[in-house]
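Colleague: Got a structure for you, questions after.
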Amino acid sequence: QVQLVESGGGLVQAGGSLRLSCKLSGRTFSSYHMAWFRQAPGKEREFVAVVRSVGITYYSDSVKGRFAVSRDNAKNTVDLQMNNLKPEDTAVYYCGAKTGISTYLTYTSPSAYNYWGQGTPVTVSS
């Protein structure tokens with residue numbers, strides 16, 4: 001059974017940085033596409049970034065140029081470096097994992113992911 005555990009969330013002022021990390025256990029990490037989604041209160045879960053098993057990355061327009069996703073197959077981890085944070089980045093951030101080749105739209109859809117972490121909250125104050 002795949003388990004995902006996120007860490008690194010917290011409170012930061014606008015313009016600051018945070019680094020989130022997600023560790024996968026229970027399966028071969030290198031075969032999984034790893035994504036970050038976020039969910040603000042009262043809103044649907046939205047795509048943030050994904051790093052495919054082959055290392056290709058995609059980002060949402062709202063975070064492109066500010067966030068960077070990376071994976072370490074030796075440590076079974078995927079990180080999300082978040083810079084120049086804005087109050088609108090406030091949300092619970094979730095790590096998701098899936099296998100299989102997909103279209104771009106599938107990589108960005110939360111329903112395509114089989115496994116999720118428990119989430120880590122990020123609050124950006126103005």
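Order determines the names: the first chain of the structure tokens is A, the second B, and so forth; residues in each chain are numbered 1 upward, and ligands are numbered 1 upward as they are shown.
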Can you pull out every residue within 12 Å of Thr106 (chain A), counting only C-alpha atoms, but drop anything in the same chain fewer than 3 positions away, and send it as JSON, numbers by chain?
Modeller: {"A": [33, 35, 47, 50, 52, 58, 98, 99, 100, 101, 102, 103, 109, 110, 111, 112, 113]}
Colleague: Write the selection just made, keeping all heavy atoms, as a CSV table (one decimal), in the first residue's frame?
Modeller:
chain,number,residue,atom,x,y,z
A,33,HIS,N,4.3,9.3,-11.0
A,33,HIS,CA,4.2,10.7,-11.3
A,33,HIS,C,3.8,11.3,-10.0
A,33,HIS,O,2.8,10.9,-9.4
A,33,HIS,CB,3.2,11.0,-12.4
A,33,HIS,CG,3.4,10.1,-13.6
A,33,HIS,ND1,4.5,10.1,-14.4
A,33,HIS,CD2,2.5,9.2,-14.2
A,33,HIS,CE1,4.4,9.3,-15.4
A,33,HIS,NE2,3.2,8.7,-15.3
A,35,ALA,N,2.6,14.8,-7.9
A,35,ALA,CA,2.1,16.1,-8.1
A,35,ALA,C,1.8,16.8,-6.7
A,35,ALA,O,1.6,16.1,-5.7
A,35,ALA,CB,0.8,16.0,-8.9
A,47,PHE,N,-4.7,22.1,-9.2
A,47,PHE,CA,-3.4,21.7,-9.5
A,47,PHE,C,-2.4,22.8,-9.3
A,47,PHE,O,-2.7,24.0,-9.6
A,47,PHE,CB,-3.4,21.3,-11.0
A,47,PHE,CG,-2.0,21.1,-11.6
A,47,PHE,CD1,-1.3,19.9,-11.3
A,47,PHE,CD2,-1.5,22.0,-12.5
A,47,PHE,CE1,-0.1,19.7,-11.9
A,47,PHE,CE2,-0.3,21.8,-13.0
A,47,PHE,CZ,0.5,20.7,-12.7
A,50,VAL,N,3.5,19.3,-11.2
A,50,VAL,CA,3.7,17.8,-11.3
A,50,VAL,C,5.1,17.6,-11.8
A,50,VAL,O,5.6,18.3,-12.7
A,50,VAL,CB,2.6,17.1,-12.1
A,50,VAL,CG1,2.6,17.6,-13.5
A,50,VAL,CG2,2.8,15.6,-12.1
A,52,ARG,N,6.8,14.3,-13.6
A,52,ARG,CA,6.5,13.0,-14.1
A,52,ARG,C,7.6,12.1,-13.8
A,52,ARG,O,8.7,12.5,-13.4
A,52,ARG,CB,6.3,13.1,-15.6
A,52,ARG,CG,5.0,13.8,-16.0
A,52,ARG,CD,4.9,14.0,-17.5
A,52,ARG,NE,5.1,12.8,-18.3
A,52,ARG,CZ,5.1,12.8,-19.6
A,52,ARG,NH1,4.9,13.9,-20.3
A,52,ARG,NH2,5.4,11.7,-20.2
A,58,TYR,N,5.4,20.2,-15.0
A,58,TYR,CA,4.3,21.1,-15.5
A,58,TYR,C,3.9,22.0,-14.3
A,58,TYR,O,3.9,21.5,-13.1
A,58,TYR,CB,3.1,20.4,-16.0
A,58,TYR,CG,3.3,19.4,-17.1
A,58,TYR,CD1,2.8,18.1,-17.0
A,58,TYR,CD2,4.0,19.7,-18.2
A,58,TYR,CE1,3.0,17.1,-18.0
A,58,TYR,CE2,4.2,18.8,-19.2
A,58,TYR,CZ,3.7,17.5,-19.1
A,58,TYR,OH,3.9,16.6,-20.1
A,98,LYS,N,0.5,9.0,-8.9
A,98,LYS,CA,-0.2,8.1,-9.9
A,98,LYS,C,0.8,7.5,-10.8
A,98,LYS,O,1.9,7.9,-10.9
A,98,LYS,CB,-1.2,8.9,-10.8
A,98,LYS,CG,-0.5,9.9,-11.7
A,98,LYS,CD,-1.6,10.7,-12.5
A,98,LYS,CE,-2.4,9.9,-13.5
A,98,LYS,NZ,-1.6,9.2,-14.5
A,99,THR,N,0.4,6.4,-11.5
A,99,THR,CA,1.2,5.8,-12.5
A,99,THR,C,0.5,5.8,-13.8
A,99,THR,O,-0.6,6.2,-13.9
A,99,THR,CB,1.4,4.3,-12.1
A,99,THR,OG1,0.2,3.6,-12.0
A,99,THR,CG2,2.2,4.1,-10.8
A,100,GLY,N,1.2,5.4,-14.9
A,100,GLY,CA,0.6,5.4,-16.2
A,100,GLY,C,0.8,6.6,-17.0
A,100,GLY,O,1.0,7.7,-16.4
A,101,ILE,N,0.9,6.5,-18.3
A,101,ILE,CA,1.0,7.6,-19.2
A,101,ILE,C,-0.3,8.3,-19.4
A,101,ILE,O,-1.3,7.7,-19.6
A,101,ILE,CB,1.6,7.1,-20.6
A,101,ILE,CG1,3.0,6.5,-20.4
A,101,ILE,CG2,1.7,8.3,-21.5
A,101,ILE,CD1,3.5,5.8,-21.6
A,102,SER,N,-0.3,9.6,-19.3
A,102,SER,CA,-1.5,10.4,-19.4
A,102,SER,C,-1.3,11.6,-20.3
A,102,SER,O,-0.2,12.0,-20.7
A,102,SER,CB,-1.9,10.8,-18.0
A,102,SER,OG,-2.0,9.8,-17.1
A,103,THR,N,-2.5,12.3,-20.5
A,103,THR,CA,-2.4,13.6,-21.2
A,103,THR,C,-2.1,14.6,-20.2
A,103,THR,O,-2.2,14.4,-19.0
A,103,THR,CB,-3.7,13.9,-21.9
A,103,THR,OG1,-4.7,14.0,-20.9
A,103,THR,CG2,-4.2,12.7,-22.8
A,109,SER,N,-5.4,16.9,-13.2
A,109,SER,CA,-6.7,16.6,-12.6
A,109,SER,C,-6.6,15.8,-11.3
A,109,SER,O,-6.0,14.7,-11.4
A,109,SER,CB,-7.6,15.9,-13.6
A,109,SER,OG,-8.8,15.5,-13.0
A,110,PRO,N,-7.2,16.3,-10.2
A,110,PRO,CA,-7.0,15.5,-9.0
A,110,PRO,C,-7.7,14.1,-9.0
A,110,PRO,O,-7.2,13.2,-8.4
A,110,PRO,CB,-7.7,16.4,-7.9
A,110,PRO,CG,-8.5,17.4,-8.7
A,110,PRO,CD,-7.9,17.6,-10.0
A,111,SER,N,-8.7,14.0,-9.9
A,111,SER,CA,-9.4,12.7,-9.9
A,111,SER,C,-8.5,11.6,-10.5
A,111,SER,O,-8.8,10.4,-10.4
A,111,SER,CB,-10.7,12.8,-10.7
A,111,SER,OG,-10.4,13.2,-12.1
A,112,ALA,N,-7.4,12.0,-11.2
A,112,ALA,CA,-6.5,11.0,-11.8
A,112,ALA,C,-5.5,10.4,-10.9
A,112,ALA,O,-4.9,9.4,-11.2
A,112,ALA,CB,-5.7,11.7,-13.0
A,113,TYR,N,-5.4,10.9,-9.7
A,113,TYR,CA,-4.4,10.4,-8.7
A,113,TYR,C,-5.0,9.4,-7.8
A,113,TYR,O,-6.1,9.6,-7.2
A,113,TYR,CB,-3.8,11.6,-8.0
A,113,TYR,CG,-2.9,12.4,-8.9
A,113,TYR,CD1,-3.5,13.3,-9.8
A,113,TYR,CD2,-1.6,12.2,-8.9
A,113,TYR,CE1,-2.7,14.0,-10.7
A,113,TYR,CE2,-0.7,12.9,-9.8
A,113,TYR,CZ,-1.3,13.8,-10.7
A,113,TYR,OH,-0.5,14.5,-11.6
Colleague: Would you kindly return, as a PDB file with N, CA, C and O atoms, in the first residue's frame, each protein, DNA or RNA residue with an atom no farther than 12 Å from any atom of Tyr93 (chain A), considering only C-alpha atoms and excluding same-chain residues fewer than 3 positions away?
Modeller:
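So out33.pdb came out as:
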ATOM      1  N   VAL A   5       3.448  11.142   2.913  1.00  0.00           N
ATOM      2  CA  VAL A   5       3.497  11.996   4.092  1.00  0.00           C
ATOM      3  C   VAL A   5       4.151  13.318   3.705  1.00  0.00           C
ATOM      4  O   VAL A   5       5.306  13.337   3.269  1.00  0.00           O
ATOM      5  N   GLU A   6       3.373  14.402   3.868  1.00  0.00           N
ATOM      6  CA  GLU A   6       3.888  15.733   3.559  1.00  0.00           C
ATOM      7  C   GLU A   6       4.446  16.392   4.809  1.00  0.00           C
ATOM      8  O   GLU A   6       4.027  16.085   5.932  1.00  0.00           O
ATOM      9  N   SER A   7       5.342  17.345   4.590  1.00  0.00           N
ATOM     10  CA  SER A   7       5.884  18.150   5.679  1.00  0.00           C
ATOM     11  C   SER A   7       6.336  19.485   5.117  1.00  0.00           C
ATOM     12  O   SER A   7       6.473  19.639   3.887  1.00  0.00           O
ATOM     13  N   GLY A   8       6.554  20.443   6.020  1.00  0.00           N
ATOM     14  CA  GLY A   8       7.144  21.712   5.614  1.00  0.00           C
ATOM     15  C   GLY A   8       6.215  22.895   5.570  1.00  0.00           C
ATOM     16  O   GLY A   8       6.664  24.022   5.324  1.00  0.00           O
ATOM     17  N   GLY A   9       4.925  22.697   5.803  1.00  0.00           N
ATOM     18  CA  GLY A   9       4.010  23.821   5.777  1.00  0.00           C
ATOM     19  C   GLY A   9       4.213  24.740   6.977  1.00  0.00           C
ATOM     20  O   GLY A   9       4.935  24.422   7.917  1.00  0.00           O
ATOM     21  N   GLY A  10       3.540  25.903   6.928  1.00  0.00           N
ATOM     22  CA  GLY A  10       3.649  26.830   8.041  1.00  0.00           C
ATOM     23  C   GLY A  10       3.126  28.197   7.685  1.00  0.00           C
ATOM     24  O   GLY A  10       2.427  28.382   6.683  1.00  0.00           O
ATOM     25  N   LEU A  18       8.874  28.970   1.322  1.00  0.00           N
ATOM     26  CA  LEU A  18       8.703  27.726   2.061  1.00  0.00           C
ATOM     27  C   LEU A  18       9.078  26.579   1.145  1.00  0.00           C
ATOM     28  O   LEU A  18       8.941  26.694  -0.078  1.00  0.00           O
ATOM     29  N   ARG A  19       9.501  25.486   1.754  1.00  0.00           N
ATOM     30  CA  ARG A  19       9.799  24.279   0.997  1.00  0.00           C
ATOM     31  C   ARG A  19       8.996  23.135   1.577  1.00  0.00           C
ATOM     32  O   ARG A  19       9.148  22.790   2.753  1.00  0.00           O
ATOM     33  N   LEU A  20       8.137  22.556   0.756  1.00  0.00           N
ATOM     34  CA  LEU A  20       7.347  21.397   1.150  1.00  0.00           C
ATOM     35  C   LEU A  20       8.033  20.132   0.669  1.00  0.00           C
ATOM     36  O   LEU A  20       8.682  20.130  -0.370  1.00  0.00           O
ATOM     37  N   SER A  21       7.844  19.063   1.426  1.00  0.00           N
ATOM     38  CA  SER A  21       8.405  17.776   1.042  1.00  0.00           C
ATOM     39  C   SER A  21       7.351  16.693   1.209  1.00  0.00           C
ATOM     40  O   SER A  21       6.489  16.785   2.086  1.00  0.00           O
ATOM     41  N   CYS A  22       7.420  15.691   0.358  1.00  0.00           N
ATOM     42  CA  CYS A  22       6.483  14.568   0.415  1.00  0.00           C
ATOM     43  C   CYS A  22       7.275  13.279   0.220  1.00  0.00           C
ATOM     44  O   CYS A  22       8.037  13.167  -0.751  1.00  0.00           O
ATOM     45  N   ALA A  35       2.649  14.790  -7.857  1.00  0.00           N
ATOM     46  CA  ALA A  35       2.064  16.108  -8.056  1.00  0.00           C
ATOM     47  C   ALA A  35       1.765  16.792  -6.736  1.00  0.00           C
ATOM     48  O   ALA A  35       1.614  16.148  -5.696  1.00  0.00           O
ATOM     49  N   TRP A  36       1.663  18.097  -6.823  1.00  0.00           N
ATOM     50  CA  TRP A  36       1.194  18.914  -5.707  1.00  0.00           C
ATOM     51  C   TRP A  36      -0.099  19.604  -6.138  1.00  0.00           C
ATOM     52  O   TRP A  36      -0.182  20.181  -7.223  1.00  0.00           O
ATOM     53  N   PHE A  37      -1.086  19.529  -5.256  1.00  0.00           N
ATOM     54  CA  PHE A  37      -2.341  20.234  -5.400  1.00  0.00           C
ATOM     55  C   PHE A  37      -2.541  21.064  -4.147  1.00  0.00           C
ATOM     56  O   PHE A  37      -1.873  20.864  -3.133  1.00  0.00           O
ATOM     57  N   ARG A  38      -3.479  21.986  -4.199  1.00  0.00           N
ATOM     58  CA  ARG A  38      -3.812  22.764  -3.002  1.00  0.00           C
ATOM     59  C   ARG A  38      -5.311  23.009  -2.961  1.00  0.00           C
ATOM     60  O   ARG A  38      -5.990  23.014  -3.993  1.00  0.00           O
ATOM     61  N   GLN A  39      -5.787  23.218  -1.739  1.00  0.00           N
ATOM     62  CA  GLN A  39      -7.205  23.453  -1.544  1.00  0.00           C
ATOM     63  C   GLN A  39      -7.399  24.524  -0.492  1.00  0.00           C
ATOM     64  O   GLN A  39      -7.015  24.333   0.675  1.00  0.00           O
ATOM     65  N   ALA A  40      -7.953  25.638  -0.919  1.00  0.00           N
ATOM     66  CA  ALA A  40      -8.273  26.732  -0.007  1.00  0.00           C
ATOM     67  C   ALA A  40      -9.672  26.521   0.556  1.00  0.00           C
ATOM     68  O   ALA A  40     -10.496  25.818  -0.055  1.00  0.00           O
ATOM     69  N   PRO A  41      -9.986  27.117   1.705  1.00  0.00           N
ATOM     70  CA  PRO A  41     -11.316  26.938   2.301  1.00  0.00           C
ATOM     71  C   PRO A  41     -12.421  27.327   1.334  1.00  0.00           C
ATOM     72  O   PRO A  41     -12.392  28.404   0.720  1.00  0.00           O
ATOM     73  N   ARG A  45     -10.093  21.475  -4.945  1.00  0.00           N
ATOM     74  CA  ARG A  45      -8.666  21.179  -5.002  1.00  0.00           C
ATOM     75  C   ARG A  45      -8.146  21.546  -6.387  1.00  0.00           C
ATOM     76  O   ARG A  45      -8.740  21.174  -7.404  1.00  0.00           O
ATOM     77  N   GLU A  46      -7.042  22.290  -6.413  1.00  0.00           N
ATOM     78  CA  GLU A  46      -6.518  22.751  -7.683  1.00  0.00           C
ATOM     79  C   GLU A  46      -5.067  22.318  -7.883  1.00  0.00           C
ATOM     80  O   GLU A  46      -4.305  22.197  -6.923  1.00  0.00           O
ATOM     81  N   PHE A  47      -4.724  22.118  -9.151  1.00  0.00           N
ATOM     82  CA  PHE A  47      -3.391  21.679  -9.529  1.00  0.00           C
ATOM     83  C   PHE A  47      -2.376  22.792  -9.289  1.00  0.00           C
ATOM     84  O   PHE A  47      -2.650  23.965  -9.565  1.00  0.00           O
ATOM     85  N   VAL A  48      -1.196  22.385  -8.787  1.00  0.00           N
ATOM     86  CA  VAL A  48      -0.098  23.319  -8.588  1.00  0.00           C
ATOM     87  C   VAL A  48       1.079  22.960  -9.503  1.00  0.00           C
ATOM     88  O   VAL A  48       1.521  23.765 -10.303  1.00  0.00           O
ATOM     89  N   ALA A  49       1.568  21.722  -9.369  1.00  0.00           N
ATOM     90  CA  ALA A  49       2.737  21.298 -10.145  1.00  0.00           C
ATOM     91  C   ALA A  49       2.815  19.780 -10.147  1.00  0.00           C
ATOM     92  O   ALA A  49       2.282  19.124  -9.254  1.00  0.00           O
ATOM     93  N   ASP A  79       9.769  17.434  -3.678  1.00  0.00           N
ATOM     94  CA  ASP A  79       9.769  18.711  -2.982  1.00  0.00           C
ATOM     95  C   ASP A  79       9.093  19.781  -3.828  1.00  0.00           C
ATOM     96  O   ASP A  79       9.076  19.707  -5.057  1.00  0.00           O
ATOM     97  N   LEU A  80       8.556  20.777  -3.120  1.00  0.00           N
ATOM     98  CA  LEU A  80       7.986  21.944  -3.787  1.00  0.00           C
ATOM     99  C   LEU A  80       8.600  23.175  -3.135  1.00  0.00           C
ATOM    100  O   LEU A  80       8.291  23.489  -1.978  1.00  0.00           O
ATOM    101  N   MET A  82       8.715  26.971  -2.813  1.00  0.00           N
ATOM    102  CA  MET A  82       7.767  28.053  -3.076  1.00  0.00           C
ATOM    103  C   MET A  82       8.414  29.377  -2.708  1.00  0.00           C
ATOM    104  O   MET A  82       8.759  29.606  -1.529  1.00  0.00           O
ATOM    105  N   ASP A  89      -1.808  32.231  -2.107  1.00  0.00           N
ATOM    106  CA  ASP A  89      -1.228  30.889  -2.070  1.00  0.00           C
ATOM    107  C   ASP A  89      -1.654  30.134  -0.804  1.00  0.00           C
ATOM    108  O   ASP A  89      -1.349  28.941  -0.651  1.00  0.00           O
ATOM    109  N   THR A  90      -2.340  30.816   0.106  1.00  0.00           N
ATOM    110  CA  THR A  90      -2.788  30.183   1.343  1.00  0.00           C
ATOM    111  C   THR A  90      -3.740  29.033   1.037  1.00  0.00           C
ATOM    112  O   THR A  90      -4.748  29.215   0.339  1.00  0.00           O
ATOM    113  N   GLY A  96       0.136  14.119  -4.363  1.00  0.00           N
ATOM    114  CA  GLY A  96      -0.571  13.024  -4.993  1.00  0.00           C
ATOM    115  C   GLY A  96       0.365  12.188  -5.846  1.00  0.00           C
ATOM    116  O   GLY A  96       1.378  12.695  -6.347  1.00  0.00           O
ATOM    117  N   TRP A 116      -2.985   9.910  -1.982  1.00  0.00           N
ATOM    118  CA  TRP A 116      -2.864  11.261  -1.456  1.00  0.00           C
ATOM    119  C   TRP A 116      -2.248  11.239  -0.063  1.00  0.00           C
ATOM    120  O   TRP A 116      -2.461  10.306   0.716  1.00  0.00           O
ATOM    121  N   GLY A 117      -1.543  12.331   0.243  1.00  0.00           N
ATOM    122  CA  GLY A 117      -1.099  12.533   1.601  1.00  0.00           C
ATOM    123  C   GLY A 117      -2.182  13.208   2.416  1.00  0.00           C
ATOM    124  O   GLY A 117      -3.270  13.505   1.915  1.00  0.00           O
ATOM    125  N   GLN A 118      -1.867  13.478   3.662  1.00  0.00           N
ATOM    126  CA  GLN A 118      -2.844  14.063   4.580  1.00  0.00           C
ATOM    127  C   GLN A 118      -2.933  15.578   4.440  1.00  0.00           C
ATOM    128  O   GLN A 118      -3.864  16.197   4.956  1.00  0.00           O
ATOM    129  N   GLY A 119      -1.981  16.177   3.743  1.00  0.00           N
ATOM    130  CA  GLY A 119      -1.993  17.618   3.544  1.00  0.00           C
ATOM    131  C   GLY A 119      -1.160  18.353   4.569  1.00  0.00           C
ATOM    132  O   GLY A 119      -1.027  17.908   5.719  1.00  0.00           O
ATOM    133  N   THR A 120      -0.606  19.483   4.143  1.00  0.00           N
ATOM    134  CA  THR A 120       0.145  20.351   5.061  1.00  0.00           C
ATOM    135  C   THR A 120      -0.301  21.789   4.793  1.00  0.00           C
ATOM    136  O   THR A 120      -0.347  22.232   3.649  1.00  0.00           O
ATOM    137  N   PRO A 121      -0.664  22.519   5.855  1.00  0.00           N
ATOM    138  CA  PRO A 121      -1.204  23.867   5.654  1.00  0.00           C
ATOM    139  C   PRO A 121      -0.118  24.907   5.422  1.00  0.00           C
ATOM    140  O   PRO A 121       0.943  24.880   6.050  1.00  0.00           O
ATOM    141  N   VAL A 122      -0.425  25.811   4.509  1.00  0.00           N
ATOM    142  CA  VAL A 122       0.439  26.949   4.224  1.00  0.00           C
ATOM    143  C   VAL A 122      -0.399  28.215   4.371  1.00  0.00           C
ATOM    144  O   VAL A 122      -1.464  28.337   3.752  1.00  0.00           O
ATOM    145  N   THR A 123       0.069  29.129   5.200  1.00  0.00           N
ATOM    146  CA  THR A 123      -0.622  30.403   5.399  1.00  0.00           C
ATOM    147  C   THR A 123       0.347  31.530   5.082  1.00  0.00           C
ATOM    148  O   THR A 123       1.430  31.594   5.661  1.00  0.00           O
TER     149      THR A 123
END
Colleague: Using only C-alpha atoms, which residue out of A:Gln1, A:Thr28, A:Ser126, A:Gln13 lies closest to Thr77 (chain A)?
Modeller: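 Using only C-alpha atoms, Thr77 (chain A) sits closest to A:Thr28.
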Colleague: Run DSSP on the backbone of this structure and report the residues of region 20-123 of chain A it assigns to helix (DSSP H, G or I), as a PyMOL selection string.
Modeller: chain A and resi 29-31+87-89+104-107+110-112
Colleague: Near Gly15 (chain A), within 10 Å and counting only C-alpha atoms, which residues show up once chain neighbours fewer than 3 positions away are dropped, as a PyMOL selection string?
Modeller: chain A and resi 12+82-87+124-126
Colleague: If you keep N, CA, C and O atoms, can you produce a file of those selected residues as an mmCIF file, in the first residue's frame?
Modeller:
data_model
loop_
_atom_site.group_PDB
_atom_site.id
_atom_site.type_symbol
_atom_site.label_atom_id
_atom_site.label_comp_id
_atom_site.auth_asym_id
_atom_site.auth_seq_id
_atom_site.Cartn_x
_atom_site.Cartn_y
_atom_site.Cartn_z
ATOM 1 N N VAL A 12 4.026 32.156 6.822
ATOM 2 C CA VAL A 12 5.090 32.976 6.253
ATOM 3 C C VAL A 12 4.504 34.291 5.784
ATOM 4 O O VAL A 12 3.313 34.358 5.434
ATOM 5 N N MET A 82 8.715 26.971 -2.813
ATOM 6 C CA MET A 82 7.767 28.053 -3.076
ATOM 7 C C MET A 82 8.414 29.377 -2.708
ATOM 8 O O MET A 82 8.759 29.606 -1.529
ATOM 9 N N ASN A 83 8.602 30.228 -3.692
ATOM 10 C CA ASN A 83 9.221 31.533 -3.494
ATOM 11 C C ASN A 83 8.235 32.651 -3.798
ATOM 12 O O ASN A 83 7.225 32.431 -4.483
ATOM 13 N N ASN A 84 8.540 33.828 -3.297
ATOM 14 C CA ASN A 84 7.686 35.003 -3.532
ATOM 15 C C ASN A 84 6.218 34.667 -3.260
ATOM 16 O O ASN A 84 5.336 34.918 -4.092
ATOM 17 N N LEU A 85 5.974 34.117 -2.101
ATOM 18 C CA LEU A 85 4.623 33.679 -1.755
ATOM 19 C C LEU A 85 3.668 34.853 -1.620
ATOM 20 O O LEU A 85 4.061 35.961 -1.193
ATOM 21 N N LYS A 86 2.423 34.598 -1.999
ATOM 22 C CA LYS A 86 1.376 35.615 -1.969
ATOM 23 C C LYS A 86 0.250 35.136 -1.069
ATOM 24 O O LYS A 86 0.069 33.924 -0.880
ATOM 25 N N PRO A 87 -0.544 36.048 -0.517
ATOM 26 C CA PRO A 87 -1.673 35.616 0.328
ATOM 27 C C PRO A 87 -2.604 34.637 -0.385
ATOM 28 O O PRO A 87 -3.159 33.745 0.262
ATOM 29 N N VAL A 124 -0.075 32.407 4.166
ATOM 30 C CA VAL A 124 0.751 33.535 3.774
ATOM 31 C C VAL A 124 0.047 34.812 4.232
ATOM 32 O O VAL A 124 -1.069 35.107 3.789
ATOM 33 N N SER A 125 0.688 35.533 5.117
ATOM 34 C CA SER A 125 0.095 36.759 5.649
ATOM 35 C C SER A 125 0.544 37.960 4.827
ATOM 36 O O SER A 125 1.652 38.011 4.309
ATOM 37 N N SER A 126 -0.353 38.937 4.742
ATOM 38 C CA SER A 126 -0.059 40.127 3.935
ATOM 39 C C SER A 126 0.624 41.192 4.780
ATOM 40 O O SER A 126 0.719 41.097 5.986
#
Colleague: Write out as a PyMOL selection string all residues of chain A that backbone DSSP assigns to strand (DSSP E).
Modeller: chain A and resi 3-7+10-13+18-25+33-39+46-51+57-59+67-72+77-82+91-98+115-116+120-125
Colleague: Work out how far CA of Lys75 (chain A) is from CA of Ser62 (chain A), in Å to one decimal.
Modeller: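 About the pair CA of Ser62 (chain A) and CA of Lys75 (chain A): they are 28.5 Å apart.
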